[in-house]
Amino acid sequence: MFIRNAWYVAAWADEVADTPLARRICGEPVVLFRDGSGRAAALLDMCCHRGAPLSIGKVTALGIECGYHGLTFDCSGTCVRIPGQERIPERARVRTFPLVEQDGFLWIWMGDASRADQGAIVRYPWHNDAAHWPHRHTMYHIQGAATLMVDNLMDLTHLGYVHGSTIGGNPMTHVEAKMETERTSNGLKFDRWMLNSLPLPTYVKACGFQGRIDRLQRFEYIAPGTILQLSAADEAGAYANGLPDNSKLQFRLFHGLTPETETSCFYFWSTANGYRTDDPAATEQLFSEIAGAFKEDLTVVEAQQARLTELGEDHLVDIATDAARLHMRRIADRLLADDTLARAAE
Ligand code: FES
Ligand SMILES: [Fe+2]
């Protein structure tokens with residue numbers, strides 16, 4: 001079951017250029033392409049003539065041309081060309097999905113198009129501010145449910161165990177981090193304060209910390225699949241009165257989890273450094289450190305998914321540090337129930 005009445009990242013805007021991109025989203029095959037004017041569109045990846053996937057065709061000035069008999073469809077899914085035939089039947093059209101290009105993303109709506117409110121899309125202005133937040137981005141295709149990846153990001157006590165050599169640090173620092181959680185209308189926010197803690201390898205590489213540090217991780221979960229993160233650190237004592245405006249180290253991570261199937265997802269993420277902003281090596285280094293750490297998450301979550309698929313999840317036990325994760329799941333369950341009701345009403 002997927003939450004369909006929601007915006008998901010379908011692709012990075014720069015993934016869709018002059019060839020069709022096939023991507024299964026919420027279980028449905030979708031093809032993404034740009035027409036001659038550069039406008040991006042998302043269609044069901046199935047030609048209405050004989051059912052070939054449109055993604056094996058090509059993009060022309062008119063739209064996307066099926067690779068089987070050459071029917072061409074524009075961004076609205078309307079057939080605009082049938083080779084050797086003047087009259088185009090009215091029914092010759094392919095389903096389209098609302099698609100919005102914004103902040104470097106292509107956001108897709110897989111549910112009822114009449115409910116797709118563009119104003120509800122998460123904004124991420126840091127992608128448009130290369131001077132203060134130079135960034136890099138990528139996508140991991142994960143053989144694990146999107147919900148397991150959101151779980152992973154909602155319970156950071158895994159950092160010390162999964163990421164000990166990179167972005168983690170001492171396990172007990174994470175278990176004992178002071179959590180401040182706030183519920184929002186569509187998710188939750190939490191701050192994790194780790195004051196007077198040992199600096200971790202990634203931070204030392206980034207800013208050369210020598211002694212102990214004050215460290216903050218600020219997370220915002222926006223249902224169903226977006227997580228915004230700010231990480232900051234400075235010399236121990238610097239955060240005695242909360243987070244100052246200009247920490248020595250600060251970076252932002254965007255996490256977008258888009259379901260592919262019930263047991264696989266796309267993980268769109270970016271890193272943006274707010275320190276050494278005029279040094280491309282800093283941007284590169286942060287990205288490659290995080291890339292390595294997220295591969296560690298991928299390995300754990302794929303192994304977890306394999307077990308859950310094999311043995312089910314009826315006998316799993318929740319512990320105290322699952323609080324944020326459980327709240328997130330309740331929000332997602334509520335959205336899923338709303339979705340199911342809306343579909344039943346249709
Ligand atoms: S199947 Fe697409 S043109 Fe025939
Ligand atoms: Fe992780």
# chains A, B, ... in the order shown; residues from 1 in each chain; ligands from 1
call {"tool": "select_by_dssp", "arguments": {"residues": "region 47-280 of chain A", "states": "strand (DSSP E)", "output": "VMD selection string"}}
result
chain A and resid 58 to 59 64 to 65 72 to 73 79 to 81 96 to 97 99 to 102 105 to 109 135 to 142 178 to 184 187 to 197 213 to 222 226 to 235 249 to 261 264 to 273
call {"tool": "residues_near_ligand", "arguments": {"ligand": "ligand 1", "cutoff": "9 Å", "atoms": "only C-alpha atoms and all ligand atoms", "output": "number ranges by chain"}}
result
A: 46-54, 57, 65-72, 82
call {"tool": "residues_around", "arguments": {"residues": "Glu235 (chain A)", "least_positions_apart": "3", "cutoff": "8 Å", "atoms": "only C-alpha atoms", "output": "count of residues only"}}
result
6
call {"tool": "residues_near_ligand", "arguments": {"ligand": "ligand 2", "cutoff": "12 Å", "atoms": "only C-alpha atoms and all ligand atoms", "output": "PyMOL selection string"}}
result
chain A and resi 148-169+255+290-301
call {"tool": "write_last_selection", "arguments": {"atoms": "C-alpha atoms", "output": "compact mmCIF listing (two decimals), in the first residue's frame"}}
result
# COMPACT_ATOMS: atom_id res chain seq x y z
CA LEU A 148 12.60 1.52 6.37
CA MET A 149 14.82 4.33 5.13
CA VAL A 150 12.65 6.94 6.85
CA ASP A 151 12.86 4.80 10.02
CA ASN A 152 16.63 4.84 9.65
CA LEU A 153 16.69 8.64 9.58
CA MET A 154 14.25 8.98 12.47
CA ASP A 155 16.34 6.93 14.87
CA LEU A 156 19.87 8.24 14.88
CA THR A 157 21.07 5.99 17.67
CA HIS A 158 22.29 3.84 14.77
CA LEU A 159 25.00 6.39 13.97
CA GLY A 160 27.52 5.12 16.48
CA TYR A 161 27.06 1.54 15.31
CA VAL A 162 26.61 1.84 11.54
CA HIS A 163 28.77 4.91 10.94
CA GLY A 164 31.44 4.64 13.61
CA SER A 165 34.29 5.45 11.25
CA THR A 166 32.61 8.34 9.40
CA ILE A 167 29.73 10.54 10.55
CA GLY A 168 28.98 8.56 13.70
CA GLY A 169 31.37 8.87 16.57
CA HIS A 255 16.71 13.29 2.06
CA ILE A 290 28.37 11.24 3.32
CA ALA A 291 28.18 9.03 0.22
CA GLY A 292 30.24 6.43 2.03
CA ALA A 293 28.14 6.70 5.19
CA PHE A 294 24.85 6.35 3.30
CA LYS A 295 26.20 3.24 1.58
CA GLU A 296 26.51 1.86 5.12
CA ASP A 297 22.79 2.59 5.68
CA LEU A 298 21.95 0.96 2.36
CA THR A 299 23.78 -2.21 3.37
CA VAL A 300 21.96 -2.47 6.71
CA VAL A 301 18.52 -1.63 5.32
call {"tool": "closest_residue", "arguments": {"among": "A:Asp339, A:Asp279, A:Glu182, A:Glu101", "to": "Ala131 (chain A)", "atoms": "only C-alpha atoms"}}
result
A:Asp279
call {"tool": "residues_around", "arguments": {"residues": "region 228-231 of chain A", "least_positions_apart": "4", "cutoff": "10 Å", "atoms": "only C-alpha atoms", "output": "list in words"}}
result
Val122, Tyr124, Leu153, Lys189, Phe190, Asp191, Arg192, Arg215, Leu216, Gln217, Arg218, Phe219, Glu220, Tyr221, Ile222, Ser247, Leu249, Gln250, Phe251, Arg252, Leu253, Phe254, His255, Gly256, Trp269, Thr271, Ala272, Asn273 and Gly274 of chain A
call {"tool": "closest_residue", "arguments": {"among": "A:Arg39, A:Met1, A:Pro98, A:Ile56", "to": "Leu21 (chain A)", "atoms": "only C-alpha atoms"}}
result
A:Ile56
call {"tool": "residues_around", "arguments": {"residues": "Arg24 (chain A)", "least_positions_apart": "3", "cutoff": "10 Å", "atoms": "only C-alpha atoms", "output": "compact mmCIF listing (two decimals) with C-alpha atoms, in the first residue's frame"}}
result
# COMPACT_ATOMS: atom_id res chain seq x y z
CA ALA A 10 10.57 11.52 -9.13
CA GLY A 27 4.38 0.49 -8.07
CA GLU A 28 3.50 2.19 -11.39
CA PRO A 29 5.76 2.42 -14.42
CA VAL A 30 6.40 6.07 -15.28
CA VAL A 31 8.40 7.67 -18.08
CA LEU A 44 2.40 6.25 -17.73
CA ASP A 45 5.16 4.19 -19.35
CA THR A 258 10.30 7.66 -3.01
CA PRO A 259 8.72 4.20 -3.03
CA GLU A 260 9.46 2.10 -6.10
CA THR A 261 7.78 -1.12 -4.95
CA CYS A 265 12.86 2.74 -3.07
CA PHE A 266 14.82 5.64 -4.49
call {"tool": "atom_distance", "arguments": {"atom1": "CA of Arg34 (chain A)", "atom2": "CA of Glu15 (chain A)"}}
result
10.7 Å
call {"tool": "select_by_dssp", "arguments": {"residues": "region 68-195 of chain A", "states": "alpha helix (DSSP H)", "output": "PyMOL selection string"}}
result
chain A and resi 146-154+159-162+171-175
